file coords.cif (mmCIF, C-alpha atoms and all ligand atoms)
data_target
loop_
_atom_site.label_atom_id
_atom_site.label_comp_id
_atom_site.auth_asym_id
_atom_site.auth_seq_id
_atom_site.Cartn_x
_atom_site.Cartn_y
_atom_site.Cartn_z
CA MET A 1 24.36 17.05 1.67
CA SER A 2 23.47 13.39 1.57
CA ASN A 3 21.54 11.82 -1.30
CA LEU A 4 18.16 13.11 -2.34
CA ILE A 5 16.89 9.64 -3.22
CA GLU A 6 18.22 6.43 -1.72
CA VAL A 7 16.88 3.15 -3.05
CA ARG A 8 18.04 0.10 -1.10
CA GLY A 9 17.40 -3.53 -1.98
CA VAL A 10 14.15 -2.88 -3.83
CA THR A 11 12.37 -5.85 -5.36
CA LYS A 12 9.10 -5.59 -7.28
CA THR A 13 7.27 -8.50 -8.87
CA PHE A 14 4.16 -8.72 -11.04
CA GLY A 15 2.74 -12.19 -10.64
CA GLY A 16 5.67 -14.42 -11.61
CA VAL A 17 7.66 -11.61 -13.29
CA VAL A 18 10.49 -10.08 -11.25
CA ALA A 19 10.56 -6.57 -12.74
CA ASN A 20 13.15 -5.26 -10.24
CA ARG A 21 15.42 -7.46 -8.14
CA ASP A 22 17.41 -6.10 -5.19
CA ILE A 23 18.01 -2.66 -6.74
CA SER A 24 20.08 -0.04 -4.86
CA ILE A 25 20.71 3.40 -6.33
CA ASP A 26 21.47 6.94 -5.16
CA VAL A 27 20.38 10.22 -6.70
CA ALA A 28 22.63 13.08 -5.60
CA PRO A 29 21.10 16.53 -5.09
CA GLY A 30 21.70 19.07 -7.85
CA GLN A 31 22.85 16.44 -10.32
CA ILE A 32 21.45 14.72 -13.40
CA THR A 33 21.29 10.97 -12.84
CA GLY A 34 20.52 8.64 -15.73
CA LEU A 35 18.79 5.26 -15.80
CA ILE A 36 19.36 3.16 -18.90
CA GLY A 37 18.77 -0.41 -20.00
CA PRO A 38 17.13 -2.40 -22.79
CA ASN A 39 13.34 -2.48 -23.17
CA GLY A 40 11.70 -4.46 -20.41
CA SER A 41 14.70 -4.18 -18.08
CA GLY A 42 12.60 -2.60 -15.33
CA LYS A 43 13.29 1.14 -15.64
CA THR A 44 9.70 2.38 -15.59
CA THR A 45 8.84 -0.06 -12.80
CA LEU A 46 11.59 1.48 -10.64
CA PHE A 47 10.25 4.99 -11.31
CA ASN A 48 6.75 3.82 -10.44
CA SER A 49 8.02 2.40 -7.17
CA ILE A 50 9.87 5.61 -6.25
CA VAL A 51 6.93 7.93 -6.92
CA GLY A 52 4.51 5.71 -4.99
CA TYR A 53 2.49 4.44 -7.94
CA HIS A 54 2.57 0.90 -6.58
CA PRO A 55 3.82 -0.80 -3.40
CA ILE A 56 7.19 -2.58 -3.48
CA ASP A 57 7.71 -6.16 -2.29
CA GLU A 58 10.99 -5.60 -0.47
CA GLY A 59 13.49 -2.86 0.29
CA SER A 60 13.53 0.78 1.26
CA ILE A 61 13.14 4.06 -0.63
CA LYS A 62 14.14 7.32 1.05
CA PHE A 63 13.59 10.86 -0.16
CA LYS A 64 15.54 13.53 1.74
CA GLY A 65 16.24 10.93 4.41
CA LYS A 66 12.56 10.08 4.93
CA GLU A 67 11.15 6.63 4.18
CA ILE A 68 8.56 7.06 1.41
CA SER A 69 7.96 3.49 0.25
CA LYS A 70 4.64 3.33 2.12
CA LEU A 71 3.43 6.73 0.92
CA ARG A 72 1.11 7.31 -2.01
CA VAL A 73 1.64 9.35 -5.18
CA GLN A 74 -0.01 12.56 -3.96
CA GLN A 75 1.83 12.52 -0.64
CA ILE A 76 5.17 12.06 -2.39
CA ALA A 77 4.38 14.73 -4.98
CA ARG A 78 3.73 17.19 -2.15
CA LEU A 79 7.23 16.54 -0.83
CA GLY A 80 8.59 17.96 -4.11
CA MET A 81 8.93 14.93 -6.36
CA VAL A 82 7.27 15.16 -9.78
CA ARG A 83 7.40 12.71 -12.69
CA THR A 84 6.51 12.66 -16.37
CA PHE A 85 5.29 9.67 -18.34
CA GLN A 86 6.47 7.75 -21.39
CA GLN A 87 3.14 8.64 -23.02
CA THR A 88 2.21 12.31 -22.63
CA ARG A 89 -0.72 13.17 -20.39
CA ILE A 90 -2.03 16.45 -21.68
CA TYR A 91 -5.58 17.49 -22.58
CA GLY A 92 -5.60 17.82 -26.37
CA LYS A 93 -8.63 20.14 -26.47
CA LEU A 94 -7.15 22.62 -24.01
CA SER A 95 -4.63 25.27 -24.99
CA GLY A 96 -1.03 25.03 -23.83
CA ILE A 97 -1.57 27.76 -21.28
CA ASN A 98 -4.64 26.02 -19.80
CA ASN A 99 -2.83 22.70 -19.62
CA MET A 100 -0.12 24.54 -17.68
CA LEU A 101 -2.66 26.03 -15.26
CA ILE A 102 -4.46 22.79 -14.44
CA SER A 103 -1.14 21.06 -13.82
CA VAL A 104 -0.49 23.19 -10.74
CA PRO A 105 -2.69 21.35 -8.19
CA HIS A 106 -0.66 18.20 -8.69
CA ARG A 107 1.48 19.36 -5.83
CA ASN A 108 -0.20 22.33 -4.23
CA ALA A 109 -3.85 21.40 -3.79
CA SER A 110 -6.31 18.56 -3.64
CA PHE A 111 -7.99 17.03 -6.66
CA GLY A 112 -11.25 18.91 -5.94
CA ASP A 113 -9.49 22.21 -6.60
CA MET A 114 -8.58 21.13 -10.11
CA PHE A 115 -10.72 23.58 -12.07
CA ARG A 116 -10.80 26.60 -9.79
CA PRO A 117 -9.64 29.82 -11.43
CA TYR A 118 -5.98 30.64 -11.02
CA GLY A 119 -4.35 33.83 -9.92
CA HIS A 120 -2.37 36.12 -12.15
CA GLU A 121 0.97 34.95 -10.76
CA HIS A 122 0.33 31.41 -12.02
CA ARG A 123 -0.49 32.68 -15.51
CA GLU A 124 2.65 34.76 -15.61
CA ARG A 125 4.77 31.82 -14.53
CA ALA A 126 3.02 29.58 -17.07
CA GLU A 127 3.82 32.04 -19.87
CA HIS A 128 7.40 32.36 -18.72
CA LEU A 129 7.87 28.58 -18.74
CA LEU A 130 6.21 28.22 -22.15
CA GLU A 131 8.70 30.78 -23.39
CA PHE A 132 11.49 28.74 -21.77
CA VAL A 133 10.55 25.61 -23.74
CA GLY A 134 9.94 27.56 -26.95
CA LEU A 135 6.14 27.22 -27.06
CA TYR A 136 5.09 30.78 -26.21
CA GLN A 137 3.90 31.54 -29.76
CA LYS A 138 1.73 28.41 -29.72
CA ARG A 139 0.36 28.84 -26.20
CA LYS A 140 -3.25 29.46 -27.31
CA LEU A 141 -3.50 26.59 -29.79
CA PRO A 142 -5.30 23.39 -28.77
CA SER A 143 -2.49 21.22 -27.43
CA GLY A 144 -3.68 18.32 -29.60
CA ASP A 145 -2.56 20.35 -32.64
CA LEU A 146 1.06 20.41 -31.45
CA SER A 147 3.54 17.86 -32.80
CA PHE A 148 4.43 14.97 -30.51
CA GLY A 149 7.79 16.58 -29.72
CA GLN A 150 6.12 19.87 -28.85
CA GLN A 151 3.68 18.00 -26.61
CA LYS A 152 6.65 16.49 -24.75
CA LEU A 153 8.08 19.99 -24.31
CA LEU A 154 4.69 21.14 -23.01
CA GLU A 155 4.61 18.27 -20.57
CA PHE A 156 8.07 19.20 -19.36
CA ALA A 157 6.91 22.79 -18.83
CA MET A 158 3.81 21.49 -16.99
CA ALA A 159 6.05 19.51 -14.65
CA LEU A 160 8.08 22.67 -13.96
CA MET A 161 4.86 24.51 -12.95
CA ASN A 162 4.92 22.41 -9.79
CA GLU A 163 8.33 23.79 -8.81
CA PRO A 164 9.72 20.33 -8.15
CA GLU A 165 12.84 19.71 -6.13
CA ILE A 166 13.39 16.63 -8.24
CA LEU A 167 11.91 15.70 -11.59
CA LEU A 168 11.76 12.11 -12.84
CA LEU A 169 11.54 11.96 -16.63
CA ASP A 170 10.59 8.72 -18.38
CA GLU A 171 12.16 8.70 -21.86
CA PRO A 172 11.72 12.42 -22.53
CA THR A 173 13.22 12.18 -26.03
CA ALA A 174 11.32 9.10 -27.26
CA GLY A 175 9.55 9.80 -30.54
CA ILE A 176 11.02 13.28 -30.91
CA ASN A 177 12.84 14.28 -34.09
CA PRO A 178 16.59 15.02 -33.80
CA THR A 179 16.23 18.81 -34.12
CA LEU A 180 13.84 19.02 -31.19
CA ILE A 181 15.92 16.54 -29.17
CA ASN A 182 18.85 18.95 -29.01
CA GLY A 183 16.52 21.74 -27.86
CA LEU A 184 15.05 19.47 -25.20
CA ILE A 185 18.46 18.37 -23.90
CA ASP A 186 19.46 22.00 -23.65
CA ARG A 187 16.28 22.79 -21.62
CA LEU A 188 16.87 19.82 -19.33
CA LYS A 189 20.41 20.99 -18.63
CA ARG A 190 19.20 24.53 -17.96
CA ALA A 191 16.41 23.36 -15.65
CA ASN A 192 19.17 21.63 -13.70
CA SER A 193 21.79 24.40 -13.74
CA GLU A 194 19.58 27.52 -13.65
CA PHE A 195 16.53 26.37 -11.66
CA GLY A 196 18.55 23.97 -9.48
CA ILE A 197 16.19 21.05 -10.13
CA THR A 198 17.68 17.61 -9.60
CA LEU A 199 16.89 15.33 -12.55
CA PHE A 200 16.52 11.57 -12.71
CA VAL A 201 16.12 10.58 -16.35
CA ILE A 202 15.24 7.29 -18.02
CA GLU A 203 16.71 7.34 -21.49
CA HIS A 204 16.98 4.71 -24.18
CA ASN A 205 19.17 6.83 -26.45
CA MET A 206 22.81 6.29 -25.36
CA ARG A 207 24.11 9.41 -27.07
CA VAL A 208 21.58 11.57 -25.23
CA ILE A 209 22.26 10.18 -21.77
CA MET A 210 26.06 10.28 -22.15
CA ASN A 211 25.80 13.96 -22.99
CA LEU A 212 23.33 14.70 -20.19
CA ALA A 213 23.99 12.72 -17.02
CA HIS A 214 26.64 13.05 -14.33
CA GLU A 215 26.04 9.52 -13.08
CA ILE A 216 24.38 6.59 -14.86
CA TYR A 217 22.77 3.35 -13.69
CA CYS A 218 22.20 0.51 -16.13
CA LEU A 219 19.55 -2.18 -15.59
CA ALA A 220 19.26 -5.49 -17.42
CA HIS A 221 16.63 -8.16 -16.78
CA GLY A 222 15.45 -6.28 -13.69
CA GLU A 223 18.88 -6.22 -12.05
CA LEU A 224 21.46 -3.49 -11.64
CA LEU A 225 24.20 -4.25 -14.15
CA ALA A 226 26.57 -1.31 -13.78
CA SER A 227 26.82 2.25 -12.49
CA GLY A 228 29.23 5.13 -12.80
CA PRO A 229 30.02 8.29 -14.75
CA PRO A 230 29.30 8.33 -18.53
CA GLU A 231 32.92 7.64 -19.57
CA LYS A 232 32.92 4.49 -17.48
CA ILE A 233 29.46 3.27 -18.53
CA GLN A 234 29.95 3.69 -22.25
CA ASN A 235 33.10 1.53 -22.12
CA ASP A 236 31.63 -1.11 -19.82
CA GLN A 237 31.53 -4.38 -21.75
CA ARG A 238 28.49 -5.64 -19.78
CA VAL A 239 26.50 -2.54 -20.79
CA ILE A 240 27.58 -2.85 -24.43
CA ASP A 241 26.61 -6.54 -24.47
CA ALA A 242 23.23 -5.85 -22.85
CA TYR A 243 22.40 -3.27 -25.53
CA LEU A 244 23.71 -5.36 -28.41
CA GLY A 245 21.92 -8.44 -27.10
CA ALA A 246 18.66 -6.53 -26.99
CA HIS A 247 18.59 -5.73 -30.70
N1 LIG B 1 1.75 -3.48 -14.39
C1 LIG B 1 2.45 -4.55 -14.81
N2 LIG B 1 1.91 -5.78 -14.79
C2 LIG B 1 2.61 -6.86 -15.19
N3 LIG B 1 3.87 -6.81 -15.65
C3 LIG B 1 4.47 -5.61 -15.70
C4 LIG B 1 3.80 -4.40 -15.28
N4 LIG B 1 4.65 -3.36 -15.44
C5 LIG B 1 5.78 -3.88 -15.94
N5 LIG B 1 5.69 -5.22 -16.08
C6 LIG B 1 6.76 -6.12 -16.55
O1 LIG B 1 7.95 -5.80 -15.85
C7 LIG B 1 9.08 -5.84 -16.71
C8 LIG B 1 9.78 -4.49 -16.72
O2 LIG B 1 8.95 -3.54 -17.39
P1 LIG B 1 9.28 -1.98 -17.42
O3 LIG B 1 9.60 -1.53 -16.05
O4 LIG B 1 8.15 -1.31 -18.11
O5 LIG B 1 10.60 -1.95 -18.32
P2 LIG B 1 11.29 -0.72 -19.09
O6 LIG B 1 10.68 0.55 -18.63
O7 LIG B 1 12.75 -0.85 -18.75
O8 LIG B 1 11.07 -0.97 -20.55
C9 LIG B 1 8.54 -6.29 -18.07
O9 LIG B 1 8.70 -7.67 -18.18
C10 LIG B 1 7.09 -5.90 -18.03
O10 LIG B 1 6.33 -6.72 -18.87
MG MG B 2 9.73 2.09 -19.71
#
call {"tool": "encode", "arguments": {"input": "coords.cif", "output": "structure tokens", "more": "lines below"}}
Ligand SMILES: Nc1ncnc2c1ncn2[C@@H]1O[C@H](COP(=O)(O)OP(=O)(O)O)[C@@H](O)[C@H]1O
Ligand SMILES: [Mg+2]
result
Amino acid sequence: MSNLIEVRGVTKTFGGVVANRDISIDVAPGQITGLIGPNGSGKTTLFNSIVGYHPIDEGSIKFKGKEISKLRVQQIARLGMVRTFQQTRIYGKLSGINNMLISVPHRNASFGDMFRPYGHEHRERAEHLLEFVGLYQKRKLPSGDLSFGQQKLLEFAMALMNEPEILLLDEPTAGINPTLINGLIDRLKRANSEFGITLFVIEHNMRVIMNLAHEIYCLAHGELLASGPPEKIQNDQRVIDAYLGAH
């Protein structure tokens, strides 16, 4: 099968700032693709362009062969593309299970349906996924009482409620302690291998992305610096310099 996502020549500016310049990338179906680069290199901007959060200035973005660069977030989500955010977006006063249930309409219904009661099958699936991420015991606690790492796991489970074909994760391990990071990486790999979900992951932590991704793209100053499998990227002098130069 051809690529799930094809980005070609995408440029996005904010006023005078060129956040992405002439970016072309491919996300292969069934794989884990990584997007790395120093802070401010344009990673989140590229995600925002792909999911339809803002219009691009130039270029083309295809999902399953269909041009989506003129579509809006909800339309793209309905095609099977779901994303998570650098900051979590959960309701702290609601329990884990209720956060899971209200996350469903993201793809399957309109905003007005947000608080309708959900059928038993959704609850069962929600419980199963909370078990999958290791939060089943805490499912009835207010989500605001969970640690930041646990909230990220909850957000990951919420994204899975939508049964995405592809999931875009923006720095899923940021702010999580090392013990939970290993658990999260393991869940990401299993979501890919067992549920067949294609993953496109922004990651600042080099160790994490080398261990996770099949193919990696590196941005610097809004431009594509290098791409290839982990072995190639971690030995690429331009990538090493970009990271060293950023600290
Ligand atoms: N909404 C926005 N308005 C103005 N500038 C923005 C906006 N979003 C991002 N930028 C700028 O675009 C550049 C890339 O940012 P971003 O995509 O967030 O980088 P990264 O995710 O790699 O850290 C930065 O210079 C940032 O300040
Ligand atoms: Mg970012």
call {"tool": "closest_residue", "arguments": {"input": "coords.cif", "among": "A:Pro178, A:Gly183, A:Pro229, A:Pro172", "to": "Thr84 (chain A)", "atoms": "all atoms listed in the file"}}
result
A:Pro172
call {"tool": "residues_near_ligand", "arguments": {"input": "coords.cif", "ligand": "ligand MG 2 (chain B)", "cutoff": "9 Å", "atoms": "all atoms listed in the file", "output": "PyMOL selection string"}}
result
chain A and resi 39-45+47+85-86+170-171+202-204
call {"tool": "residues_near_point", "arguments": {"input": "coords.cif", "point": "(12.9, 7.3, -0.4)", "cutoff": "9 Å", "atoms": "all atoms listed in the file", "output": "NGL selection string"}}
result
:A and (4-8 or 50-51 or 60-69)
call {"tool": "residues_around", "arguments": {"input": "coords.cif", "residues": "Glu131 (chain A)", "least_positions_apart": "5", "cutoff": "12 Å", "atoms": "all atoms listed in the file", "output": "PyMOL selection string"}}
result
chain A and resi 96-97+124-126+136-139+153-154+157+187
call {"tool": "residues_around", "arguments": {"input": "coords.cif", "residues": "region 16-22 of chain A", "least_positions_apart": "4", "cutoff": "6 Å", "atoms": "all atoms listed in the file", "output": "list in words"}}
result
Gly9, Val10, Thr11, Lys12, Gly42, Gly222 and Glu223 of chain A
call {"tool": "residues_around", "arguments": {"input": "coords.cif", "residues": "Ile176 (chain A)", "least_positions_apart": "5", "cutoff": "9 Å", "atoms": "only C-alpha atoms", "output": "list in words"}}
result
Ser147, Phe148, Gly149, Gln150, Lys152 and Ile181 of chain A
call {"tool": "closest_residue", "arguments": {"input": "coords.cif", "among": "A:Lys70, A:Lys93, A:Leu212, A:Arg78", "to": "Ser193 (chain A)", "atoms": "all atoms listed in the file"}}
result
A:Leu212
call {"tool": "atom_distance", "arguments": {"input": "coords.cif", "atom1": "atom P1 of ligand LIG 1 (chain B)", "atom2": "CA of Asn162 (chain A)"}}
result
25.9 Å
call {"tool": "closest_residue", "arguments": {"input": "coords.cif", "among": "A:His120, A:Arg89, A:Lys232, A:His221", "to": "ligand LIG 1 (chain B)", "atoms": "all atoms listed in the file"}}
result
A:His221
call {"tool": "closest_residue", "arguments": {"input": "coords.cif", "among": "A:Leu184, A:Leu169, A:Ala220, A:Met210", "to": "ligand LIG 1 (chain B)", "atoms": "all atoms listed in the file"}}
result
A:Ala220
call {"tool": "closest_residue", "arguments": {"input": "coords.cif", "among": "A:His214, A:Leu71, A:Lys189, A:Gln87", "to": "ligand LIG 1 (chain B)", "atoms": "only C-alpha atoms and all ligand atoms"}}
result
A:Gln87
call {"tool": "atom_distance", "arguments": {"input": "coords.cif", "atom1": "CA of Asp145 (chain A)", "atom2": "CA of Arg123 (chain A)"}}
result
21.2 Å
call {"tool": "closest_residue", "arguments": {"input": "coords.cif", "among": "A:Gly52, A:Pro164, A:Pro29, A:Gly34", "to": "Pro230 (chain A)", "atoms": "only C-alpha atoms"}}
result
A:Gly34
call {"tool": "atom_distance", "arguments": {"input": "coords.cif", "atom1": "atom N3 of ligand LIG 1 (chain B)", "atom2": "CA of Phe14 (chain A)"}}
result
5.0 Å
call {"tool": "decode", "arguments": {"input": "coords.cif", "residues": "region 31-49 of chain A", "atoms": "N, CA and C atoms", "output": "short mmCIF file (atom, residue, chain, number, x, y, z; two decimals), in the first residue's frame"}}
result
data_model
loop_
_atom_site.label_atom_id
_atom_site.label_comp_id
_atom_site.auth_asym_id
_atom_site.auth_seq_id
_atom_site.Cartn_x
_atom_site.Cartn_y
_atom_site.Cartn_z
N GLN A 31 3.38 1.54 10.41
CA GLN A 31 4.68 1.80 11.01
C GLN A 31 4.62 2.85 12.12
N ILE A 32 5.74 3.03 12.81
CA ILE A 32 5.89 4.13 13.75
C ILE A 32 6.91 5.09 13.15
N THR A 33 6.45 6.29 12.83
CA THR A 33 7.32 7.30 12.25
C THR A 33 7.58 8.37 13.31
N GLY A 34 8.82 8.79 13.42
CA GLY A 34 9.20 9.78 14.43
C GLY A 34 9.49 11.13 13.81
N LEU A 35 9.23 12.18 14.57
CA LEU A 35 9.56 13.54 14.15
C LEU A 35 10.33 14.18 15.30
N ILE A 36 11.60 14.50 15.05
CA ILE A 36 12.43 15.08 16.10
C ILE A 36 12.97 16.43 15.65
N GLY A 37 13.64 17.10 16.57
CA GLY A 37 14.21 18.42 16.27
C GLY A 37 14.23 19.26 17.52
N PRO A 38 15.15 20.23 17.59
CA PRO A 38 15.23 21.09 18.77
C PRO A 38 13.93 21.87 18.99
N ASN A 39 13.78 22.43 20.17
CA ASN A 39 12.62 23.28 20.47
C ASN A 39 12.51 24.40 19.45
N GLY A 40 11.29 24.65 18.98
CA GLY A 40 11.07 25.74 18.05
C GLY A 40 11.41 25.39 16.61
N SER A 41 11.72 24.11 16.33
CA SER A 41 12.11 23.73 14.97
C SER A 41 10.91 23.52 14.04
N GLY A 42 9.70 23.55 14.60
CA GLY A 42 8.51 23.50 13.74
C GLY A 42 7.73 22.19 13.77
N LYS A 43 8.01 21.35 14.77
CA LYS A 43 7.37 20.02 14.84
C LYS A 43 5.86 20.13 15.09
N THR A 44 5.50 20.89 16.12
CA THR A 44 4.07 21.00 16.45
C THR A 44 3.31 21.72 15.32
N THR A 45 3.96 22.69 14.71
CA THR A 45 3.32 23.40 13.59
C THR A 45 2.98 22.42 12.47
N LEU A 46 3.89 21.48 12.18
CA LEU A 46 3.64 20.51 11.12
C LEU A 46 2.46 19.61 11.49
N PHE A 47 2.41 19.17 12.74
CA PHE A 47 1.26 18.37 13.20
C PHE A 47 -0.03 19.16 13.02
N ASN A 48 0.01 20.42 13.46
CA ASN A 48 -1.19 21.26 13.37
C ASN A 48 -1.66 21.41 11.91
N SER A 49 -0.71 21.50 11.01
CA SER A 49 -1.07 21.61 9.59
C SER A 49 -1.72 20.31 9.11
#
